[in-house]
Structures are given as structure tokens and as C-alpha cells.
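Student: Just one file: data17.csv, with CSV, C-alpha atoms.
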```
chain,number,residue,atom,x,y,z
A,259,PRO,CA,-6.8,7.5,-3.3
A,260,THR,CA,-5.1,4.3,-4.5
A,261,LEU,CA,-6.1,3.2,-8.0
A,262,ILE,CA,-5.4,0.2,-10.0
A,263,ASP,CA,-2.4,1.6,-11.8
A,264,LEU,CA,-0.7,3.2,-8.7
A,265,GLN,CA,2.8,1.9,-8.1
A,266,LEU,CA,2.8,0.9,-4.4
A,267,SER,CA,6.5,0.8,-3.8
A,268,THR,CA,9.8,1.1,-5.6
A,269,ILE,CA,9.6,-2.6,-6.5
A,270,LYS,CA,9.0,-3.1,-10.2
A,271,GLY,CA,5.4,-4.0,-11.1
A,272,ASP,CA,4.2,-3.7,-7.5
A,273,LEU,CA,0.6,-2.7,-8.3
A,274,PRO,CA,-2.6,-3.2,-6.3
A,275,GLY,CA,-3.6,-6.9,-6.4
A,276,GLY,CA,-0.1,-8.1,-7.3
A,277,VAL,CA,2.3,-10.2,-5.3
A,278,GLU,CA,5.6,-8.7,-6.5
A,279,VAL,CA,6.3,-7.3,-3.1
A,280,PHE,CA,7.2,-10.9,-2.0
A,281,GLU,CA,10.2,-10.7,-4.4
A,282,SER,CA,11.7,-8.0,-2.3
A,283,SER,CA,14.7,-9.0,-0.2
A,284,LEU,CA,13.5,-6.4,2.3
A,285,ILE,CA,10.8,-8.8,3.3
A,286,PHE,CA,13.3,-10.8,5.3
A,287,SER,CA,14.6,-7.7,7.1
A,288,ASP,CA,14.2,-7.3,10.9
A,289,ASP,CA,12.0,-4.3,10.3
A,290,VAL,CA,9.4,-6.6,8.6
A,291,THR,CA,9.8,-9.7,10.7
A,292,VAL,CA,9.6,-7.8,14.1
A,293,ARG,CA,6.5,-6.1,12.9
A,294,ILE,CA,4.8,-9.4,11.9
A,295,GLU,CA,5.8,-10.9,15.2
A,296,THR,CA,4.3,-7.9,17.0
A,297,TYR,CA,1.0,-8.3,15.2
A,298,GLY,CA,0.9,-11.9,16.5
A,299,PHE,CA,2.1,-10.8,20.0
A,300,ASN,CA,-0.7,-8.2,20.4
A,301,LEU,CA,-3.2,-10.8,19.2
A,302,GLY,CA,-1.9,-13.4,21.7
A,303,MET,CA,-2.0,-11.1,24.7
A,304,ARG,CA,-5.6,-10.1,24.1
A,305,LEU,CA,-6.8,-13.5,23.0
A,306,ALA,CA,-5.5,-15.1,26.2
A,307,GLU,CA,-7.6,-12.7,28.1
A,308,LEU,CA,-10.7,-13.3,26.1
A,309,LEU,CA,-10.4,-17.1,26.2
A,310,MET,CA,-9.8,-17.0,29.9
A,311,PHE,CA,-12.9,-14.9,30.3
A,312,HIS,CA,-15.1,-17.2,28.2
A,313,GLY,CA,-13.5,-20.2,30.0
A,314,ALA,CA,-14.2,-18.7,33.4
A,315,GLN,CA,-17.9,-18.5,32.6
A,316,SER,CA,-18.1,-22.1,31.7
A,317,ASN,CA,-15.6,-23.0,34.5
A,318,THR,CA,-13.2,-24.7,32.1
A,319,TYR,CA,-9.9,-23.3,33.3
A,320,ASN,CA,-9.2,-22.9,37.0
A,321,LYS,CA,-5.9,-24.5,37.4
A,322,PHE,CA,-2.7,-23.4,35.6
A,323,VAL,CA,-0.3,-24.8,38.1
A,324,ASP,CA,2.7,-25.1,35.8
A,325,VAL,CA,4.0,-24.0,32.4
A,326,LEU,CA,3.0,-27.3,30.9
A,327,GLU,CA,-0.7,-26.5,31.5
A,328,ILE,CA,-0.2,-23.2,29.7
A,329,LEU,CA,1.3,-24.9,26.7
A,330,LYS,CA,-1.6,-27.4,26.7
A,331,PHE,CA,-3.9,-24.4,26.7
A,332,VAL,CA,-2.0,-23.1,23.6
A,333,CYS,CA,-2.3,-26.5,21.9
A,334,ARG,CA,-5.9,-27.0,22.5
A,335,ASP,CA,-7.9,-23.8,23.1
A,336,VAL,CA,-5.8,-21.2,21.4
A,337,TRP,CA,-5.2,-23.3,18.3
A,338,TRP,CA,-8.8,-24.3,18.2
A,339,SER,CA,-10.0,-20.8,18.3
A,340,LEU,CA,-7.5,-19.7,15.6
A,341,TYR,CA,-7.4,-22.6,13.2
A,342,GLY,CA,-10.3,-24.9,14.2
A,343,LYS,CA,-8.0,-27.7,15.0
A,344,GLU,CA,-5.6,-28.7,17.8
A,345,MET,CA,-1.8,-29.0,17.6
A,346,ASP,CA,-0.9,-32.5,16.6
A,347,ASN,CA,1.9,-33.0,19.0
A,348,LEU,CA,3.4,-31.6,22.2
A,349,ARG,CA,6.7,-32.6,23.6
A,350,THR,CA,8.8,-31.3,26.5
A,351,ASN,CA,12.1,-32.0,28.1
A,352,HIS,CA,10.6,-31.0,31.5
A,353,ARG,CA,13.2,-28.3,31.8
A,354,GLY,CA,11.2,-25.5,30.3
A,355,THR,CA,11.7,-26.3,26.6
A,356,PHE,CA,8.7,-27.4,24.5
A,357,VAL,CA,8.2,-28.5,21.0
A,358,LEU,CA,4.8,-28.1,19.4
A,359,VAL,CA,4.0,-29.7,16.0
A,360,ASP,CA,1.1,-28.7,13.7
A,361,SER,CA,1.3,-31.2,10.8
A,362,ASN,CA,-0.9,-29.1,8.5
A,363,TYR,CA,-0.4,-25.4,9.3
A,364,LYS,CA,-3.3,-23.5,7.9
A,365,LEU,CA,-1.6,-20.2,7.3
A,366,ILE,CA,0.8,-21.7,4.7
A,367,SER,CA,-0.9,-24.8,3.5
A,368,ARG,CA,-2.2,-23.2,0.4
A,369,ILE,CA,0.9,-21.3,-0.6
A,370,ASN,CA,2.3,-22.6,-3.9
A,371,SER,CA,4.9,-20.6,-5.8
A,372,ALA,CA,5.1,-20.8,-9.6
A,373,LYS,CA,8.8,-20.9,-9.3
A,374,GLY,CA,8.9,-24.3,-7.6
A,375,PHE,CA,9.0,-25.8,-4.2
A,376,SER,CA,12.1,-24.2,-2.8
A,377,ASP,CA,10.6,-20.8,-3.5
A,378,THR,CA,7.4,-21.8,-1.8
A,379,LEU,CA,9.4,-22.7,1.3
A,380,THR,CA,11.3,-19.4,1.3
A,381,LYS,CA,8.1,-17.4,0.9
A,382,SER,CA,6.2,-19.4,3.6
A,383,LYS,CA,8.9,-18.8,6.2
A,384,ILE,CA,8.0,-15.1,6.6
A,385,TYR,CA,4.4,-16.1,7.6
A,386,LEU,CA,5.6,-18.1,10.6
A,387,TRP,CA,6.6,-15.0,12.6
A,388,PHE,CA,2.9,-14.4,13.2
A,389,PRO,CA,2.1,-17.6,15.1
A,390,CYS,CA,5.4,-17.3,16.9
A,391,GLY,CA,4.2,-13.9,18.2
A,392,VAL,CA,0.9,-15.3,19.1
A,393,ILE,CA,2.4,-18.1,21.3
A,394,ARG,CA,4.8,-15.6,22.9
A,395,GLY,CA,1.9,-13.3,23.7
A,396,ILE,CA,-0.2,-16.0,25.2
A,397,VAL,CA,2.6,-17.4,27.4
A,398,LEU,CA,3.7,-13.9,28.5
A,399,SER,CA,0.1,-13.1,29.5
A,400,PHE,CA,0.6,-15.7,32.2
A,401,GLY,CA,3.7,-13.9,33.3
A,402,ILE,CA,6.3,-16.2,31.6
A,403,ASP,CA,8.9,-14.9,29.2
A,404,CYS,CA,9.8,-17.2,26.4
A,405,ASP,CA,11.6,-17.4,23.0
A,406,VAL,CA,9.6,-18.9,20.1
A,407,SER,CA,11.0,-20.1,16.8
A,408,ALA,CA,9.4,-22.1,14.0
A,409,GLU,CA,10.6,-24.2,11.2
A,410,ILE,CA,8.9,-26.0,8.4
A,411,THR,CA,9.7,-29.6,8.8
A,412,LYS,CA,7.8,-31.2,6.0
A,413,PHE,CA,5.6,-28.7,4.2
A,414,PRO,CA,3.0,-27.7,5.4
A,415,ALA,CA,4.0,-29.2,8.8
A,416,VAL,CA,5.5,-26.6,11.2
A,417,THR,CA,7.4,-27.2,14.4
A,418,PHE,CA,7.4,-24.6,17.0
A,419,ASN,CA,10.3,-24.5,19.6
A,420,ILE,CA,9.5,-22.7,22.8
A,421,LYS,CA,12.2,-21.9,25.3
A,422,THR,CA,11.0,-20.6,28.7
A,423,THR,CA,13.1,-19.5,31.6
A,424,ILE,CA,11.1,-21.7,33.9
A,425,ASN,CA,12.8,-24.9,35.0
A,426,ASN,CA,10.4,-27.6,36.2
B,180,MET,CA,-28.9,-17.4,-11.0
B,181,SER,CA,-27.8,-15.3,-8.1
B,182,ARG,CA,-28.0,-16.6,-4.6
B,183,SER,CA,-29.1,-14.8,-1.4
B,184,GLY,CA,-26.5,-13.5,1.1
B,185,GLU,CA,-28.0,-15.7,3.8
B,186,GLU,CA,-27.6,-18.8,1.7
B,187,VAL,CA,-24.0,-18.0,0.6
B,188,TRP,CA,-23.0,-17.2,4.2
B,189,LYS,CA,-24.5,-20.5,5.5
B,190,ASN,CA,-23.2,-22.9,2.9
B,191,SER,CA,-20.3,-21.5,0.9
B,192,THR,CA,-18.1,-19.4,3.2
B,193,GLU,CA,-15.3,-20.7,5.4
B,194,LYS,CA,-15.9,-19.2,8.9
B,195,ILE,CA,-13.1,-17.9,11.2
B,196,ASN,CA,-13.2,-16.9,14.8
B,197,SER,CA,-14.5,-13.4,14.9
B,198,GLU,CA,-12.2,-12.5,17.8
B,199,LEU,CA,-9.2,-13.5,15.8
B,200,PHE,CA,-10.4,-11.2,13.0
B,201,THR,CA,-11.2,-8.3,15.3
B,202,LEU,CA,-8.0,-8.5,17.4
B,203,THR,CA,-5.8,-8.9,14.3
B,204,TYR,CA,-7.4,-5.9,12.7
B,205,GLY,CA,-6.8,-4.0,16.0
B,206,SER,CA,-3.1,-4.9,15.9
B,207,VAL,CA,-2.8,-3.6,12.4
B,208,VAL,CA,-4.4,-0.3,13.2
B,209,ALA,CA,-2.3,0.1,16.4
B,210,GLN,CA,0.8,-0.7,14.4
B,211,LEU,CA,-0.1,1.9,11.7
B,212,CYS,CA,-0.7,4.5,14.4
B,213,SER,CA,2.7,4.0,15.8
B,214,ASP,CA,4.3,3.8,12.4
B,215,TYR,CA,2.9,7.2,11.5
B,216,ASN,CA,3.4,8.8,14.9
B,217,ASN,CA,-0.3,9.1,15.4
B,218,ASN,CA,-0.8,11.2,12.3
B,219,TYR,CA,-4.3,9.8,11.9
B,220,ASN,CA,-4.9,11.3,8.4
B,221,LEU,CA,-2.0,9.2,7.1
B,222,VAL,CA,-3.3,6.1,9.0
B,223,ASN,CA,-6.7,6.6,7.4
B,224,LYS,CA,-5.1,6.8,4.0
B,225,GLN,CA,-3.1,3.7,4.5
B,226,LEU,CA,-6.1,1.7,5.7
B,227,ASP,CA,-8.0,2.8,2.7
B,228,SER,CA,-5.2,1.7,0.4
B,229,MET,CA,-5.0,-1.7,2.2
B,230,GLY,CA,-8.8,-2.0,1.8
B,231,TYR,CA,-8.5,-1.2,-1.9
B,232,ASN,CA,-6.0,-4.0,-2.3
B,233,ILE,CA,-8.4,-6.4,-0.5
B,234,GLY,CA,-11.4,-5.2,-2.5
B,235,ILE,CA,-10.0,-5.8,-5.9
B,236,ARG,CA,-9.4,-9.5,-4.9
B,237,LEU,CA,-12.5,-9.9,-2.9
B,238,ILE,CA,-14.8,-9.1,-5.8
B,239,GLU,CA,-13.7,-12.3,-7.5
B,240,GLU,CA,-14.7,-14.5,-4.6
B,241,PHE,CA,-17.9,-12.6,-4.4
B,242,LEU,CA,-18.8,-13.1,-8.0
B,243,ALA,CA,-17.7,-16.8,-8.0
B,244,LYS,CA,-19.8,-17.6,-4.9
B,245,THR,CA,-22.9,-15.6,-5.5
B,246,GLY,CA,-23.2,-15.7,-9.3
B,247,ALA,CA,-24.6,-12.1,-9.1
B,248,ALA,CA,-25.4,-10.6,-12.5
B,249,ARG,CA,-24.8,-7.1,-13.6
B,250,CYS,CA,-26.7,-4.4,-11.7
B,251,HIS,CA,-28.6,-1.9,-13.8
B,252,THR,CA,-29.2,0.8,-11.3
B,253,MET,CA,-27.4,2.1,-8.2
B,254,LYS,CA,-30.4,1.0,-6.1
B,255,GLU,CA,-29.8,-2.5,-7.2
B,256,THR,CA,-26.0,-2.2,-6.6
B,257,ALA,CA,-26.7,-0.9,-3.0
B,258,GLU,CA,-29.1,-3.8,-2.4
B,259,ILE,CA,-26.5,-6.4,-3.5
B,260,ILE,CA,-23.7,-4.8,-1.5
B,261,LEU,CA,-25.7,-4.6,1.7
B,262,LYS,CA,-27.7,-7.8,1.6
B,263,VAL,CA,-25.3,-10.1,-0.1
B,264,GLY,CA,-21.8,-8.6,0.2
B,265,PHE,CA,-21.8,-7.5,3.8
B,266,LYS,CA,-23.8,-10.6,4.8
B,267,MET,CA,-21.5,-13.1,3.3
B,268,PHE,CA,-18.2,-11.6,4.4
B,269,LEU,CA,-19.1,-10.0,7.8
B,270,ASN,CA,-22.5,-11.6,8.6
B,271,ILE,CA,-24.1,-8.2,9.0
B,272,THR,CA,-26.7,-6.4,7.0
B,273,PRO,CA,-26.4,-2.6,7.1
B,274,GLN,CA,-29.3,-0.3,6.3
B,275,VAL,CA,-29.4,2.0,3.3
B,276,ASP,CA,-30.7,5.5,3.7
B,277,ASN,CA,-30.4,9.1,2.6
B,278,TRP,CA,-30.5,8.6,-1.2
B,279,SER,CA,-29.5,11.7,-3.1
B,280,LEU,CA,-32.0,13.1,-5.6
B,281,ASP,CA,-30.0,11.9,-8.6
B,282,ASN,CA,-29.7,8.4,-7.0
B,283,ARG,CA,-26.0,8.5,-7.2
B,284,GLN,CA,-25.2,8.8,-3.5
B,285,PHE,CA,-26.5,7.0,-0.5
B,286,SER,CA,-25.6,6.2,3.2
B,287,LEU,CA,-24.8,2.8,4.6
B,288,ILE,CA,-25.8,2.6,8.3
B,289,LEU,CA,-23.9,-0.1,10.2
B,290,ASN,CA,-25.9,-1.2,13.2
B,291,GLU,CA,-23.1,-3.4,14.3
B,292,ASN,CA,-19.5,-3.4,13.2
B,293,PRO,CA,-17.4,-6.6,13.8
B,294,LEU,CA,-14.2,-4.6,13.2
B,295,ALA,CA,-14.8,-2.4,16.2
B,296,ASP,CA,-15.8,-4.9,18.9
B,297,PHE,CA,-13.8,-4.3,22.1
B,298,VAL,CA,-12.5,-1.0,20.7
B,299,GLU,CA,-12.1,2.2,22.7
B,300,LEU,CA,-10.4,5.1,21.0
B,301,PRO,CA,-8.0,7.3,23.0
B,302,SER,CA,-9.4,10.8,23.4
B,303,ASP,CA,-6.8,12.4,21.1
B,304,ALA,CA,-7.7,10.1,18.2
B,305,LYS,CA,-10.4,12.4,16.8
B,306,ASP,CA,-9.2,12.2,13.3
B,307,LEU,CA,-8.9,8.4,13.1
B,308,TRP,CA,-11.7,6.6,11.2
B,309,TYR,CA,-11.0,3.2,12.8
B,310,SER,CA,-12.9,1.1,10.2
B,311,GLN,CA,-11.6,3.1,7.2
B,312,ILE,CA,-10.5,-0.2,5.6
B,313,LEU,CA,-14.2,-0.9,4.7
B,314,CYS,CA,-14.2,2.2,2.5
B,315,GLY,CA,-11.2,0.9,0.6
B,316,VAL,CA,-12.7,-2.5,0.2
B,317,LEU,CA,-15.9,-1.2,-1.3
B,318,ARG,CA,-14.0,1.2,-3.6
B,319,GLY,CA,-11.7,-1.6,-4.8
B,320,ALA,CA,-14.4,-4.1,-5.3
B,321,LEU,CA,-16.7,-1.7,-7.2
B,322,HIS,CA,-13.7,-0.5,-9.3
B,323,MET,CA,-13.4,-4.0,-10.6
B,324,VAL,CA,-17.0,-3.9,-11.8
B,325,GLN,CA,-16.5,-0.6,-13.7
B,326,LEU,CA,-17.9,1.6,-11.0
B,327,ASP,CA,-15.7,4.5,-9.9
B,328,VAL,CA,-17.0,5.5,-6.5
B,329,SER,CA,-15.9,7.5,-3.5
B,330,VAL,CA,-16.6,6.1,-0.1
B,331,TRP,CA,-16.1,7.8,3.3
B,332,PHE,CA,-17.2,7.7,6.9
B,333,VAL,CA,-19.4,10.5,8.2
B,334,LYS,CA,-20.2,9.1,11.7
B,335,ASP,CA,-18.8,6.4,13.9
B,336,VAL,CA,-20.1,5.2,17.3
B,337,LEU,CA,-16.5,4.9,18.4
B,338,LYS,CA,-16.3,8.7,18.3
B,339,GLY,CA,-19.5,9.1,20.3
B,340,ASP,CA,-21.9,9.5,17.4
B,341,ASP,CA,-25.3,7.8,17.7
B,342,ILE,CA,-24.8,5.6,14.6
B,343,THR,CA,-22.0,4.4,12.3
B,344,GLU,CA,-22.6,5.8,8.8
B,345,LEU,CA,-20.7,5.6,5.5
B,346,LYS,CA,-21.4,7.5,2.4
B,347,LEU,CA,-21.0,6.0,-1.0
B,348,LYS,CA,-21.0,8.2,-4.1
B,349,LEU,CA,-20.9,7.1,-7.7
B,350,ASN,CA,-18.4,9.3,-9.7
B,351,LYS,CA,-18.7,7.6,-13.0
B,352,ILE,CA,-19.2,4.3,-14.8
B,353,LEU,CA,-16.0,3.2,-16.3
B,354,LYS,CA,-15.8,1.8,-19.8
B,355,ASP,CA,-15.1,-1.9,-20.3
B,356,GLU,CA,-11.5,-2.0,-21.5
B,357,VAL,CA,-9.6,-4.7,-23.1
B,358,PRO,CA,-6.4,-5.3,-21.3
B,359,ALA,CA,-3.3,-4.2,-23.1
B,360,GLY,CA,-1.9,-6.8,-25.5
B,361,GLU,CA,-5.2,-8.6,-26.1
B,362,ASP,CA,-7.3,-7.9,-29.1
```
Would you put the structure from the file into C-alpha cells?

Tutor:
Amino acid sequence: PTLIDLQLSTIKGDLPGGVEVFESSLIFSDDVTVRIETYGFNLGMRLAELLMFHGAQSNTYNKFVDVLEILKFVCRDVWWSLYGKEMDNLRTNHRGTFVLVDSNYKLISRINSAKGFSDTLTKSKIYLWFPCGVIRGIVLSFGIDCDVSAEITKFPAVTFNIKTTINN
Amino acid sequence: MSRSGEEVWKNSTEKINSELFTLTYGSVVAQLCSDYNNNYNLVNKQLDSMGYNIGIRLIEEFLAKTGAARCHTMKETAEIILKVGFKMFLNITPQVDNWSLDNRQFSLILNENPLADFVELPSDAKDLWYSQILCGVLRGALHMVQLDVSVWFVKDVLKGDDITELKLKLNKILKDEVPAGED
């Protein structure tokens, strides 16, 4: 079994309870990011189903006539169930591209690197693949394919860009 | 003065959506199964290791929030784990049973298991202990309070057993050691 002095990887000083693994450049590799995105995606697919099920019982959701309704569902219900707050802003060009803004994103709001602010930003970025996957999973569960990317606009504010193939 | 699990759970813990928790854990287990090509023994081992990593950090939050004092017997330790630890982190209170004669080993019986909500195991996953991470968490947390323990699953309702049961065995009590470089 793992013990306190077991070296977890080839990274120097990577012992249980440590954060040295974040120093690895491998953490920005596709292998890692795709995996984190997949965790979010799997969560999104299943969470959509659960929320719809709970909503159907209380008769909240019965009309998802267009993709904007789905994104509103992400902003309100999904974000509420994940983070206890709603998205702060939703914008769209009405041609299938959406911009969602969370002005205090919970997953990164407490990250603070001892090496200074730019290091905090670098290390926070890797966390954003998770909510990107969640959003993609939710939207795909309604049958719509999309690309999601995220950027940190003004820490800890995060902007999500969602490009769908739907044009309306 | 130590506080009761009920009180800590009500007043001092930040709550998250249990579905978020359950589904995220499910994603992790599913990903591990695919990483290890369904070699479930390796998956169990990895979950245990992840749990250990969580446990050694979790004990700090536990001690800070409960103010629990040192336990003098394993019976006391068991009581605290079940009624305070499980209550404050998972909002469940498992039962304790099957004490060994020397009072160094006991069973924890989980009447409900938030990790395993919505879960159905495929029929070929006989070797997978789905909630193995709990074993690692307990082992890690207790290691940080000088208890070297072994924890393992013996029964799981996901596998068709009537109850979910973990065994916890005290191997030895570690000596308080001064960290290297400090006198």
C-alpha cells in the first residue's frame, strides 16, 4: 500500500500530500487535458439526465425549443447544482456562438501560488478543462455538438466560449 | 472540547451537491478502469492510493473542525470515525460490529453509501471494489495520528451481498517522530 514516504512518480519530491506534481510540464499534455475534459464530459451527460428527471417531477422544464434555452439551463440549473450560484452573464451572437461568464469561478478561486500571480494563472488553467467538459456533456445530451473553451479574464473570473453547429 | 458529528456537519461544513460528488467519483472509477484495461486489482490499488492522498490531508480539516482529543482505545477511535468522521464528511453513520477478541479489529457496516448511488457494476467486474477509495482515506487519516492500520472491503451490496462491510485492523501504533531537521 501507499505510505507517506512512497515516491509517487518520477517527479522529484512527489510524495503523498505534496503538490510537486503541478510542477511537471506533462500536466499540460493532451493526455492529461483530454482526461480531465472527459471527467467533466461524463459528469455533464449524466447530470443533464438527473436534472431533467428532477425537473420533470416538478414540471419545471418542458420546453427546450432552441439552443439558447439549453444554454440558459446550463447557466441557471447546472451551475446552481454544481456551484450554488448562477452564471453571471450570458451573451450570444444568435448564430450558434455563446459566451458565458462566471465572475468568481469556484474551482479556482482559492488557488494561490507561492511563486506569484503568473504562476497561479498557469496552474489554474488546467482546472478549466473540467467545466468545459461538463458544458459539452450537457449540451451534447440534448443532441447538439459543440466546442467549449475557457479563459481566465480577470482572476478568478472565467469566460466560456461555446461554439455550436446550430445556426439560429 | 470535541464537538459532535451532527453539530459539525450542520454548522461547519460546506455542502456540495451529492450528485456532483457521486457522478464525479463515477467518472474517476470509469476512467481508471479504461486506463488499466479492466484490470480491477490495479484499479483497486490506485483508488486506495488516491484515498490515502486524500486522507492525509483530510485529517487536518477533521481535527481543526472537531477539536477531537487523542483516543485512548480502539473502541474510542472507532466511535469517533463512525459518529464524527463519516457524519461530517459524508452525512452517514455506519455501524460498528464484529470486534475481534483483542479489540484490534472491527467491521464498519455501511447502511448507505453515497459513493455508490446510481451505480450498477458490469457482470465481469467481480474483482472491483467500487468504493475502495474509502479504505485509502481511512488508512491515510489514521496514519497521520500515528495509527498504522489495514482497511479492506469484505462485502459490497453492488456485488449482490446483503450489506456493505469494511474491515479495519490496527497493525501498530507508530511512535511520535520529530520531523527531520527539527530538534

Student: Hey, what's within 9 Å of Gly275 in chain A if we count only C-alpha atoms and toss same-chain stuff fewer than 2 positions away? As a ChimeraX atom specification, please?

Tutor: /A:262,272-273,277 /B:231-236

Student: May I have the protein, DNA and RNA residues with an atom at most 10 Å from (7.2, -29.7, 30.1), counting only C-alpha atoms in the file's coordinates, returned as a PDB file with C-alpha atoms, in the coordinates of the input?

Tutor:
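Saved to out_16.pdb:
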```
ATOM      1  CA  ASP A 324       2.700 -25.100  35.800  1.00  0.00           C
ATOM      2  CA  VAL A 325       4.000 -24.000  32.400  1.00  0.00           C
ATOM      3  CA  LEU A 326       3.000 -27.300  30.900  1.00  0.00           C
ATOM      4  CA  GLU A 327      -0.700 -26.500  31.500  1.00  0.00           C
ATOM      5  CA  ILE A 328      -0.200 -23.200  29.700  1.00  0.00           C
ATOM      6  CA  LEU A 329       1.300 -24.900  26.700  1.00  0.00           C
ATOM      7  CA  LYS A 330      -1.600 -27.400  26.700  1.00  0.00           C
ATOM      8  CA  LEU A 348       3.400 -31.600  22.200  1.00  0.00           C
ATOM      9  CA  ARG A 349       6.700 -32.600  23.600  1.00  0.00           C
ATOM     10  CA  THR A 350       8.800 -31.300  26.500  1.00  0.00           C
ATOM     11  CA  ASN A 351      12.100 -32.000  28.100  1.00  0.00           C
ATOM     12  CA  HIS A 352      10.600 -31.000  31.500  1.00  0.00           C
ATOM     13  CA  ARG A 353      13.200 -28.300  31.800  1.00  0.00           C
ATOM     14  CA  GLY A 354      11.200 -25.500  30.300  1.00  0.00           C
ATOM     15  CA  THR A 355      11.700 -26.300  26.600  1.00  0.00           C
ATOM     16  CA  PHE A 356       8.700 -27.400  24.500  1.00  0.00           C
ATOM     17  CA  VAL A 357       8.200 -28.500  21.000  1.00  0.00           C
ATOM     18  CA  THR A 422      11.000 -20.600  28.700  1.00  0.00           C
ATOM     19  CA  ILE A 424      11.100 -21.700  33.900  1.00  0.00           C
ATOM     20  CA  ASN A 425      12.800 -24.900  35.000  1.00  0.00           C
ATOM     21  CA  ASN A 426      10.400 -27.600  36.200  1.00  0.00           C
TER      22      ASN A 426
END
```

Student: Can you list every residue of range 242-332 of chain B that has an atom at most 9 Å from range 180-194 of chain B, with its nearest atom pair and the distance in Å to one decimal, using all atoms listed in the file, ordered by chain then number, as CSV?

Tutor:
```
residue,atom,partner,partner_atom,distance
B:Lys244,CA,B:Val187,CA,6.9
B:Thr245,CA,B:Arg182,CA,5.3
B:Gly246,CA,B:Ser181,CA,4.8
B:Ala247,CA,B:Ser181,CA,4.6
B:Ala248,CA,B:Ser181,CA,6.9
B:Ile259,CA,B:Gly184,CA,8.5
B:Leu261,CA,B:Gly184,CA,9.0
B:Lys262,CA,B:Gly184,CA,5.8
B:Val263,CA,B:Gly184,CA,3.8
B:Gly264,CA,B:Gly184,CA,6.8
B:Phe265,CA,B:Gly184,CA,8.1
B:Lys266,CA,B:Gly184,CA,5.4
B:Met267,CA,B:Trp188,CA,4.5
B:Phe268,CA,B:Trp188,CA,7.4
B:Leu269,CA,B:Trp188,CA,8.9
B:Asn270,CA,B:Trp188,CA,7.1
```

Student: Keeping only C-alpha atoms, take the residues you just selected and write them out as a compact mmCIF listing (two decimals), in the coordinates of the input.

Tutor:
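Result saved to part-v5.txt:
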```
# COMPACT_ATOMS: atom_id res chain seq x y z
CA LYS B 244 -19.80 -17.60 -4.90
CA THR B 245 -22.90 -15.60 -5.50
CA GLY B 246 -23.20 -15.70 -9.30
CA ALA B 247 -24.60 -12.10 -9.10
CA ALA B 248 -25.40 -10.60 -12.50
CA ILE B 259 -26.50 -6.40 -3.50
CA LEU B 261 -25.70 -4.60 1.70
CA LYS B 262 -27.70 -7.80 1.60
CA VAL B 263 -25.30 -10.10 -0.10
CA GLY B 264 -21.80 -8.60 0.20
CA PHE B 265 -21.80 -7.50 3.80
CA LYS B 266 -23.80 -10.60 4.80
CA MET B 267 -21.50 -13.10 3.30
CA PHE B 268 -18.20 -11.60 4.40
CA LEU B 269 -19.10 -10.00 7.80
CA ASN B 270 -22.50 -11.60 8.60
```

Student: To one decimal place, how far is CA of Ser376 in chain A from CA of Glu281 in chain A in Å?

Tutor: 13.7 Å

Student: Write down, as number ranges by chain, each residue of chain B that has any atom within 9 Å of an atom of chain A, counting only C-alpha atoms.

Tutor: B: 195-196, 198-199, 202-203, 205-207, 210, 224, 227-229, 231-236, 315, 319, 322

Student: For a cutoff of 12 Å around the file-coordinate point (11.2, -12.0, 10.5), which residues qualify once you count all atoms listed in the file? I'd like the result as a ChimeraX atom specification.

Tutor: /A:283-298,380-391,406-408

Student: Please provide as a PyMOL selection string all residues within 12 Å of Asp281 in chain B, with the sequence filter that same-chain residues fewer than 2 positions apart are discarded (counting all atoms listed in the file).

Tutor: chain B and resi 252-254+277-279+283-285+348-350

Student: Can you measure CA of Val298 in chain B to CA of Leu337 in chain B for me? One decimal in Å is fine.

Tutor: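 Computed distance, CA of Val298 in chain B to CA of Leu337 in chain B, equals 7.5 Å.
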
Student: In Å to one decimal, how far is CA of Val333 in chain B from CA of Lys346 in chain B?

Tutor: 6.8 Å

Student: Closest to Asn419 in chain A among A:Asn347, A:Asn362, A:Ser371, A:Gln315, using all atoms listed in the file?

Tutor: A:Asn347

Student: For a quick check of understanding, using all atoms listed in the file, which of B:Glu258, B:Glu240, B:Asp340, B:Asp335 has the smallest distance to Leu294 in chain B?

Tutor: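 Once distances to Leu294 in chain B are computed over all atoms listed in the file, the minimum belongs to B:Asp335.
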